[in-house]
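Visitor: Here it is, the structure, as structure tokens.
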Amino acid sequence: METEIRKAYNAAWTAEKYEAFKKYVSEIYDHTPKFRLCETPVFIDDEMKAKLLEACNEVNEVIMRPDFKEMTRDAIKHPSLQVPNEDYHTRFLQMDFGICEAEDGELIPQLIEVQGFPSLYFFQDLLYHAYMKHYDIPEGYTVHFDELDSKAYIELLREVIVGDFDPKNVVLLEIEPEKQATAIDFYGAEHHLGIKVLCISQLKKRGKNLFYLDGDGGEVPVKRIYNRVIFDELDQRPDIKREFYFRDEVDVEWVGHPNWFFRISKYTMPLFKSRYVPDCFYLHELDTYPEDLENYVLKPLYSFAGSGVKLSITEKDLDEIEDKSNFILQRKVNYAPVIDTPTGPAKFEIRMLMLWEQDRSSVRIVNNLVRVSKGEMVGVRYNRDKDWVGASVAFFHK
């Protein structure tokens with residue numbers, strides 16, 4: 001980690017700067033995020049950057065295999081979850097790494113989760129500008145990769161999400177988007193791309209055609225869906241009245257096809273073998289449990305925001321699980337408290353944000369997302385009443 005930059009940043013930090021930083025974030029899209037913004041970005045040195053890139057490349061070697069779909073054929077557990085018109089590969093890819101300390105003291109990224117579903121691509125660019133505007137970020141540092149600057153990054157998102165379509169025929173689809181914790185990212189997509197942010201209940205269907213109503217009641221055809229609907233949440237919302245169901249055969253393109261939510265998920269973790277990936281097993285494939293079970297965490301295959309994760313497990317807990325095929329066992333990792341803050345050390349998890357363009361043979365790393373924590377885990381509920389924690393971004397030397 002960049003210790004000298006950290007010392008200078010902490011020395012120059014003031015509460016007034018932090019309040020101005022938060023005010024700026026809220027003003028840009030006229031929305032105050034529902035999650036905590038961290039007082040600091042993270043500054044990552046060239047050695048850790050190289051490890052993160054190597055880790056991503058090793059995981060991507062599996063995801064980019066020609067037979068990856070065959071490898072993940074059982075990821076979609078029920079026919080009701082199978083959505084037609086799946087594309088050849090995912091458009092969006094994220095990898096979450098905890099920065100951990102190995103037994104020999106080496107700092108090393110460890111893969112916590114992988115996700116074939118869009119993340120906060122627009123909000124992270126806003127956060128980048130907010131830190132740059134209100135704090136003294138050293139020259140020559142950026143949050144982007146692959147020689148992208150902010151303008152080129154947004155244009156790349158436009159190419160992936162909107163493509164050759166008229167933006168009015170592209171919708172960002174969610175469940176009550178204005179109520180989502182990530183709503184500020186939706187408004188960022190609307191701001192930059194001119195696309196409609198739409199609740200699934202507002203999507204109309206006639207035959208194989210989808211449309212929504214504009215402010216005057218006119219019908220606007222939907223040709224492409226930028227999907228932000230998470231199946232877990234949709235299953236829990238039978239109160240949402242809708243005309244469109246994901247299994248419907250409709251004349252629409254998906255950008256972020258729903259099937260990739262399952263194919264690239266916790267389900268995929270046991271397929272990766274690397275020094276950057278902790279040991280991980282499908283629970284139903286184990287004849288015997290690991291002897292050091294206290295060093296493992298139990299995770300449901302399909303959940304979000306850390307729900308259903310059990311940190312302390314016993315053989316009895318595992319024996320009582322009826323559907324073992326819905327769980328993985330993953331070796332615990334020890335996040336290193338590497339961020340020096342005025343109120344004590346903090347640890348962090350970094351999400352490497354990637355895009356896989358339609359005409360490219362490989363995945364492209366474009367940005368990152370950071371969550372800073374002082375709790376047992378990186379979730380909000382583990383960091384209540386703490387400061388210098390929350391949503392952030394990492395700066396790397398160009």
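A note on labels: chains of the structure tokens are A, B, ... as shown, every chain counts residues from 1, and ligands are counted from 1 in their shown order.
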Would you pick out the contacts of range 74-89 of chain A at 7 Å or less, using only C-alpha atoms, so that residues sharing its chain but fewer than 5 positions from it are not included, and give the list as a ChimeraX atom specification?
Guide: /A:246-247,249,257-259,262-263,267
Visitor: Would you put the residues from that selection into a file with C-alpha atoms, as a short mmCIF file (atom, residue, chain, number, x, y, z; two decimals), in the first residue's frame?
Guide:
data_model
loop_
_atom_site.label_atom_id
_atom_site.label_comp_id
_atom_site.auth_asym_id
_atom_site.auth_seq_id
_atom_site.Cartn_x
_atom_site.Cartn_y
_atom_site.Cartn_z
CA PHE A 246 -38.46 -13.20 -17.87
CA ARG A 247 -39.33 -16.52 -19.52
CA GLU A 249 -40.33 -14.97 -25.73
CA HIS A 257 -28.57 -11.34 -19.93
CA PRO A 258 -30.25 -12.66 -16.75
CA ASN A 259 -28.79 -16.17 -17.16
CA PHE A 262 -26.45 -17.67 -12.26
CA ARG A 263 -23.63 -18.88 -14.49
CA TYR A 267 -21.72 -21.39 -8.23
#
Visitor: Which residues, written as a PyMOL selection string, have at least one atom at most 12 Å from Ala15 in chain A, with only C-alpha atoms counted and residues fewer than 6 positions away on the same chain left out?
Guide: chain A and resi 21-22+39-40+134-135+342+387-388
Visitor: Find the residues around Thr314 in chain A up to 12 Å (only C-alpha atoms counted), leave out those fewer than 5 positions away in its own chain, and share them as a CSV table (one decimal) with N, CA and C atoms, in the first residue's frame.
Guide:
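Generated output (out-v4.csv):
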chain,number,residue,atom,x,y,z
A,289,TYR,N,-16.4,-33.8,5.5
A,289,TYR,CA,-16.2,-32.4,5.7
A,289,TYR,C,-14.7,-32.1,6.1
A,290,PRO,N,-14.2,-30.9,5.8
A,290,PRO,CA,-12.9,-30.6,6.2
A,290,PRO,C,-12.7,-30.7,7.7
A,291,GLU,N,-11.5,-31.2,8.1
A,291,GLU,CA,-11.3,-31.4,9.5
A,291,GLU,C,-11.3,-30.1,10.3
A,292,ASP,N,-10.8,-29.1,9.6
A,292,ASP,CA,-10.7,-27.7,10.2
A,292,ASP,C,-11.9,-26.9,9.8
A,293,LEU,N,-13.1,-27.4,10.0
A,293,LEU,CA,-14.3,-26.8,9.6
A,293,LEU,C,-14.5,-25.4,10.1
A,294,GLU,N,-13.8,-25.1,11.3
A,294,GLU,CA,-13.9,-23.7,11.8
A,294,GLU,C,-13.2,-22.7,10.9
A,295,ASN,N,-12.5,-23.2,10.0
A,295,ASN,CA,-11.8,-22.3,9.0
A,295,ASN,C,-12.5,-22.1,7.7
A,296,TYR,N,-13.8,-22.5,7.7
A,296,TYR,CA,-14.6,-22.4,6.5
A,296,TYR,C,-15.9,-21.6,6.8
A,297,VAL,N,-16.4,-21.0,5.7
A,297,VAL,CA,-17.6,-20.2,5.8
A,297,VAL,C,-18.6,-20.9,4.9
A,298,LEU,N,-19.9,-20.9,5.2
A,298,LEU,CA,-21.0,-21.5,4.4
A,298,LEU,C,-21.7,-20.4,3.7
A,319,ASP,N,-25.2,-31.1,8.3
A,319,ASP,CA,-26.0,-32.3,8.2
A,319,ASP,C,-27.5,-32.0,8.1
A,320,GLU,N,-27.9,-30.9,8.7
A,320,GLU,CA,-29.3,-30.5,8.8
A,320,GLU,C,-29.8,-29.8,7.5
A,321,ILE,N,-28.9,-29.5,6.6
A,321,ILE,CA,-29.2,-28.8,5.4
A,321,ILE,C,-29.9,-29.8,4.5
A,329,LEU,N,-18.9,-24.5,0.5
A,329,LEU,CA,-18.0,-24.2,1.6
A,329,LEU,C,-16.8,-23.5,1.1
Visitor: If you measure from CA of Lys374 in chain A to CA of Val389 in chain A, what distance in Å do you get, rounded to one decimal?
Guide: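 Computed distance, CA of Lys374 in chain A to CA of Val389 in chain A, equals 6.8 Å.
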Visitor: Mind checking which residues fall within 12 Å of Ile339 in chain A, counting only C-alpha atoms, ignoring those fewer than 6 positions away in the same chain, and posting them as a PyMOL selection string?
Guide: chain A and resi 1-7+9-10+39-44+99+345-349+371-374+388-389+394
Visitor: If DSSP is run on the backbone, what residues of range 228-345 of chain A are strand (DSSP E)? A reply as number ranges by chain would be ideal.
Guide: A: 253-255, 280-282, 296-300, 327-331
Visitor: Export N, CA and C atoms of the chosen residues as an mmCIF file, in the first residue's frame?
Guide:
data_model
loop_
_atom_site.group_PDB
_atom_site.id
_atom_site.type_symbol
_atom_site.label_atom_id
_atom_site.label_comp_id
_atom_site.auth_asym_id
_atom_site.auth_seq_id
_atom_site.Cartn_x
_atom_site.Cartn_y
_atom_site.Cartn_z
ATOM 1 N N GLU A 253 -33.313 -7.305 -27.027
ATOM 2 C CA GLU A 253 -31.939 -7.690 -26.711
ATOM 3 C C GLU A 253 -31.670 -7.414 -25.242
ATOM 4 N N TRP A 254 -30.932 -8.314 -24.628
ATOM 5 C CA TRP A 254 -30.500 -8.095 -23.249
ATOM 6 C C TRP A 254 -29.053 -7.613 -23.252
ATOM 7 N N VAL A 255 -28.759 -6.639 -22.452
ATOM 8 C CA VAL A 255 -27.363 -6.301 -22.196
ATOM 9 C C VAL A 255 -27.170 -6.534 -20.702
ATOM 10 N N CYS A 280 -12.509 -23.934 -2.212
ATOM 11 C CA CYS A 280 -13.962 -23.806 -2.257
ATOM 12 C C CYS A 280 -14.555 -25.107 -2.802
ATOM 13 N N PHE A 281 -15.652 -25.582 -2.175
ATOM 14 C CA PHE A 281 -16.242 -26.865 -2.550
ATOM 15 C C PHE A 281 -17.757 -26.751 -2.625
ATOM 16 N N TYR A 282 -18.344 -27.529 -3.567
ATOM 17 C CA TYR A 282 -19.789 -27.705 -3.552
ATOM 18 C C TYR A 282 -20.121 -28.619 -2.369
ATOM 19 N N TYR A 296 -13.804 -22.490 7.704
ATOM 20 C CA TYR A 296 -14.618 -22.367 6.503
ATOM 21 C C TYR A 296 -15.875 -21.557 6.784
ATOM 22 N N VAL A 297 -16.398 -20.972 5.718
ATOM 23 C CA VAL A 297 -17.650 -20.223 5.789
ATOM 24 C C VAL A 297 -18.646 -20.899 4.853
ATOM 25 N N LEU A 298 -19.905 -20.929 5.243
ATOM 26 C CA LEU A 298 -20.970 -21.524 4.441
ATOM 27 C C LEU A 298 -21.709 -20.423 3.700
ATOM 28 N N LYS A 299 -21.855 -20.602 2.372
ATOM 29 C CA LYS A 299 -22.530 -19.580 1.565
ATOM 30 C C LYS A 299 -23.611 -20.228 0.699
ATOM 31 N N PRO A 300 -24.812 -19.640 0.677
ATOM 32 C CA PRO A 300 -25.805 -20.084 -0.306
ATOM 33 C C PRO A 300 -25.365 -19.646 -1.692
ATOM 34 N N PHE A 327 -25.427 -24.909 -1.718
ATOM 35 C CA PHE A 327 -24.450 -24.265 -0.850
ATOM 36 C C PHE A 327 -23.023 -24.614 -1.258
ATOM 37 N N ILE A 328 -22.108 -23.711 -0.923
ATOM 38 C CA ILE A 328 -20.680 -23.969 -1.053
ATOM 39 C C ILE A 328 -20.011 -23.757 0.300
ATOM 40 N N LEU A 329 -18.903 -24.457 0.481
ATOM 41 C CA LEU A 329 -18.010 -24.211 1.619
ATOM 42 C C LEU A 329 -16.778 -23.510 1.088
ATOM 43 N N GLN A 330 -16.430 -22.392 1.695
ATOM 44 C CA GLN A 330 -15.272 -21.622 1.230
ATOM 45 C C GLN A 330 -14.355 -21.332 2.401
ATOM 46 N N ARG A 331 -13.076 -21.562 2.181
ATOM 47 C CA ARG A 331 -12.110 -21.323 3.259
ATOM 48 C C ARG A 331 -12.091 -19.841 3.623
#
Visitor: For Ile161 in chain A, which residue among A:Ile112, A:Arg91, A:Phe123, A:Val220 is the nearest when counting only C-alpha atoms?
Guide: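 Among the listed residues, the smallest separation from Ile161 in chain A belongs to A:Arg91.
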Visitor: Which residues in range 227-324 of chain A does DSSP call alpha helix (DSSP H)? List them as a list of chain:residue names.
Guide: A:Phe231, A:Asp232, A:Glu233, A:Leu234, A:Asp235, A:Trp260, A:Phe261, A:Phe262, A:Arg263, A:Glu315, A:Lys316, A:Asp317, A:Leu318, A:Asp319
Visitor: Could you state the separation of CA of Pro138 in chain A and CA of Lys51 in chain A in Å, given to one decimal place?
Guide: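 We find that CA of Pro138 in chain A and CA of Lys51 in chain A lie 22.0 Å from each other.
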Visitor: What separation in Å, quoted to one decimal, exists between CA of Phe231 in chain A and CA of Pro270 in chain A?
Guide: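 About the pair CA of Phe231 in chain A and CA of Pro270 in chain A: they are 22.1 Å apart.
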Visitor: Rank A:Lys49, A:Asp287, A:Trp356, A:Leu156 by their smallest atom-to-atom distance to Val143 in chain A, using only C-alpha atoms, and report the top residue only.
Guide: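 Closest to Val143 in chain A, using only C-alpha atoms: A:Lys49.
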Visitor: For Phe35 in chain A, which of A:His397, A:Lys205, A:Arg384, A:Arg228 is the closest residue, counting only C-alpha atoms?
Guide: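 Closest candidate: A:Arg384.
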Visitor: So that I can check the surroundings of Lys168 in chain A, please list as a count of residues only every protein, DNA and RNA residue that reaches within 12 Å of it, counting only C-alpha atoms and ignoring chain neighbours fewer than 2 positions away.
Guide: 25
Visitor: So that I can see what lies close to Gly98 in chain A, please list as a PyMOL selection string the residues with an atom at most 12 Å from it, counting only C-alpha atoms and leaving out residues fewer than 6 positions away in the same chain.
Guide: chain A and resi 48+52+55+107-113+276-278+332-338+347-352+369-373+377-378
Visitor: Could the residues in this selection be saved with C-alpha atoms as an mmCIF file, in the first residue's frame?
Guide:
data_model
loop_
_atom_site.group_PDB
_atom_site.id
_atom_site.type_symbol
_atom_site.label_atom_id
_atom_site.label_comp_id
_atom_site.auth_asym_id
_atom_site.auth_seq_id
_atom_site.Cartn_x
_atom_site.Cartn_y
_atom_site.Cartn_z
ATOM 1 C CA MET A 48 -0.547 -5.040 -5.348
ATOM 2 C CA LEU A 52 -4.789 -7.984 -8.750
ATOM 3 C CA ALA A 55 -5.561 -12.748 -10.231
ATOM 4 C CA LEU A 107 -0.249 -9.159 1.320
ATOM 5 C CA ILE A 108 -2.256 -10.982 -1.317
ATOM 6 C CA PRO A 109 -5.687 -10.545 -2.917
ATOM 7 C CA GLN A 110 -8.097 -13.411 -2.288
ATOM 8 C CA LEU A 111 -11.172 -13.923 -4.459
ATOM 9 C CA ILE A 112 -14.326 -13.669 -2.360
ATOM 10 C CA GLU A 113 -16.941 -13.670 -5.072
ATOM 11 C CA TYR A 276 -5.575 -16.009 -5.389
ATOM 12 C CA VAL A 277 -8.644 -18.200 -4.811
ATOM 13 C CA PRO A 278 -9.307 -19.784 -1.378
ATOM 14 C CA LYS A 332 -12.058 -18.202 5.394
ATOM 15 C CA VAL A 333 -9.498 -15.528 4.695
ATOM 16 C CA ASN A 334 -8.060 -12.918 7.020
ATOM 17 C CA TYR A 335 -8.496 -9.399 5.733
ATOM 18 C CA ALA A 336 -5.442 -7.347 6.590
ATOM 19 C CA PRO A 337 -5.997 -4.014 8.396
ATOM 20 C CA VAL A 338 -3.794 -2.131 5.938
ATOM 21 C CA LYS A 347 -9.490 -3.353 5.953
ATOM 22 C CA PHE A 348 -11.042 -3.385 2.532
ATOM 23 C CA GLU A 349 -12.466 -5.403 -0.315
ATOM 24 C CA ILE A 350 -11.967 -4.346 -3.910
ATOM 25 C CA ARG A 351 -14.287 -5.180 -6.782
ATOM 26 C CA MET A 352 -12.587 -5.165 -10.153
ATOM 27 C CA LEU A 369 -15.180 -0.393 -6.425
ATOM 28 C CA VAL A 370 -13.977 -0.488 -2.822
ATOM 29 C CA ARG A 371 -15.732 -1.182 0.444
ATOM 30 C CA VAL A 372 -13.791 -0.172 3.549
ATOM 31 C CA SER A 373 -14.603 -1.966 6.796
ATOM 32 C CA MET A 377 -17.467 -8.557 7.563
ATOM 33 C CA VAL A 378 -17.665 -5.893 4.879
#
Visitor: Give the answer as one residue: which of A:Thr32, A:Glu176, A:Tyr153, A:Arg275 has the shortest atom-to-atom distance to Ala102 in chain A, using only C-alpha atoms?
Guide: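 Counting only C-alpha atoms, the residue closest to Ala102 in chain A is A:Arg275.
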Visitor: Compile the contact shell of Gly188 in chain A as an MDAnalysis selection string: residues with an atom at most 12 Å away, counting only C-alpha atoms, same-chain residues fewer than 4 positions apart removed.
Guide: chainID A and resid 25:31 33 120:127 154 157:158 172 182:184 192:197
Visitor: Generate the output file for the selected residues, N, CA and C atoms, as an mmCIF file, in the first residue's frame.
Guide:
data_model
loop_
_atom_site.group_PDB
_atom_site.id
_atom_site.type_symbol
_atom_site.label_atom_id
_atom_site.label_comp_id
_atom_site.auth_asym_id
_atom_site.auth_seq_id
_atom_site.Cartn_x
_atom_site.Cartn_y
_atom_site.Cartn_z
ATOM 1 N N VAL A 25 -21.513 14.732 -4.127
ATOM 2 C CA VAL A 25 -22.044 13.464 -4.610
ATOM 3 C C VAL A 25 -23.568 13.511 -4.695
ATOM 4 N N SER A 26 -24.195 14.109 -3.703
ATOM 5 C CA SER A 26 -25.659 14.175 -3.677
ATOM 6 C C SER A 26 -26.235 15.136 -4.716
ATOM 7 N N GLU A 27 -25.473 16.161 -5.066
ATOM 8 C CA GLU A 27 -25.994 17.197 -5.973
ATOM 9 C C GLU A 27 -25.948 16.801 -7.450
ATOM 10 N N ILE A 28 -24.980 15.977 -7.834
ATOM 11 C CA ILE A 28 -24.752 15.721 -9.261
ATOM 12 C C ILE A 28 -25.977 15.114 -9.934
ATOM 13 N N TYR A 29 -26.587 14.113 -9.307
ATOM 14 C CA TYR A 29 -27.792 13.504 -9.871
ATOM 15 C C TYR A 29 -29.027 13.795 -9.027
ATOM 16 N N ASP A 30 -28.893 14.791 -8.128
ATOM 17 C CA ASP A 30 -29.994 15.186 -7.248
ATOM 18 C C ASP A 30 -30.516 13.987 -6.457
ATOM 19 N N HIS A 31 -29.584 13.238 -5.878
ATOM 20 C CA HIS A 31 -29.959 12.061 -5.091
ATOM 21 C C HIS A 31 -28.871 11.788 -4.055
ATOM 22 N N PRO A 33 -27.123 9.161 -1.762
ATOM 23 C CA PRO A 33 -27.032 7.703 -1.657
ATOM 24 C C PRO A 33 -27.458 7.217 -0.279
ATOM 25 N N LEU A 120 -21.879 -0.991 -9.949
ATOM 26 C CA LEU A 120 -22.073 0.466 -9.889
ATOM 27 C C LEU A 120 -21.101 1.198 -10.817
ATOM 28 N N TYR A 121 -21.178 0.885 -12.095
ATOM 29 C CA TYR A 121 -20.237 1.452 -13.061
ATOM 30 C C TYR A 121 -20.294 2.972 -13.110
ATOM 31 N N PHE A 122 -21.472 3.555 -13.033
ATOM 32 C CA PHE A 122 -21.612 5.011 -13.154
ATOM 33 C C PHE A 122 -21.311 5.708 -11.833
ATOM 34 N N PHE A 123 -21.766 5.130 -10.744
ATOM 35 C CA PHE A 123 -21.504 5.755 -9.452
ATOM 36 C C PHE A 123 -20.012 5.797 -9.154
ATOM 37 N N GLN A 124 -19.281 4.750 -9.531
ATOM 38 C CA GLN A 124 -17.850 4.736 -9.231
ATOM 39 C C GLN A 124 -17.114 5.831 -9.979
ATOM 40 N N ASP A 125 -17.591 6.194 -11.159
ATOM 41 C CA ASP A 125 -16.970 7.313 -11.861
ATOM 42 C C ASP A 125 -17.284 8.630 -11.161
ATOM 43 N N LEU A 126 -18.507 8.757 -10.655
ATOM 44 C CA LEU A 126 -18.868 9.948 -9.870
ATOM 45 C C LEU A 126 -17.998 10.039 -8.618
ATOM 46 N N LEU A 127 -17.812 8.921 -7.947
ATOM 47 C CA LEU A 127 -17.008 8.907 -6.727
ATOM 48 C C LEU A 127 -15.565 9.313 -7.024
ATOM 49 N N ILE A 154 -16.916 6.391 -20.015
ATOM 50 C CA ILE A 154 -18.362 6.585 -20.189
ATOM 51 C C ILE A 154 -18.778 6.229 -21.614
ATOM 52 N N LEU A 157 -19.073 2.528 -21.869
ATOM 53 C CA LEU A 157 -20.332 2.070 -21.278
ATOM 54 C C LEU A 157 -21.498 2.333 -22.229
ATOM 55 N N ARG A 158 -21.451 3.469 -22.915
ATOM 56 C CA ARG A 158 -22.506 3.780 -23.888
ATOM 57 C C ARG A 158 -22.512 2.734 -25.011
ATOM 58 N N LEU A 172 -33.278 0.771 -18.440
ATOM 59 C CA LEU A 172 -32.670 0.137 -17.274
ATOM 60 C C LEU A 172 -33.815 -0.440 -16.462
ATOM 61 N N THR A 182 -28.981 1.230 -4.498
ATOM 62 C CA THR A 182 -28.076 1.583 -5.599
ATOM 63 C C THR A 182 -28.705 2.553 -6.592
ATOM 64 N N ALA A 183 -29.799 3.208 -6.214
ATOM 65 C CA ALA A 183 -30.532 4.083 -7.141
ATOM 66 C C ALA A 183 -29.638 5.154 -7.763
ATOM 67 N N ILE A 184 -28.666 5.640 -7.024
ATOM 68 C CA ILE A 184 -27.820 6.715 -7.556
ATOM 69 C C ILE A 184 -27.070 6.253 -8.803
ATOM 70 N N HIS A 192 -25.985 9.987 -18.124
ATOM 71 C CA HIS A 192 -24.937 9.882 -19.139
ATOM 72 C C HIS A 192 -25.429 9.296 -20.459
ATOM 73 N N LEU A 193 -26.382 8.378 -20.393
ATOM 74 C CA LEU A 193 -26.788 7.650 -21.591
ATOM 75 C C LEU A 193 -28.137 8.075 -22.140
ATOM 76 N N GLY A 194 -28.936 8.779 -21.338
ATOM 77 C CA GLY A 194 -30.257 9.198 -21.792
ATOM 78 C C GLY A 194 -31.263 8.067 -21.864
ATOM 79 N N ILE A 195 -31.026 6.966 -21.131
ATOM 80 C CA ILE A 195 -31.954 5.841 -21.153
ATOM 81 C C ILE A 195 -32.988 5.977 -20.043
ATOM 82 N N LYS A 196 -34.086 5.264 -20.176
ATOM 83 C CA LYS A 196 -35.180 5.321 -19.214
ATOM 84 C C LYS A 196 -34.919 4.340 -18.067
ATOM 85 N N VAL A 197 -35.073 4.822 -16.834
ATOM 86 C CA VAL A 197 -35.014 3.949 -15.661
ATOM 87 C C VAL A 197 -36.433 3.492 -15.370
#
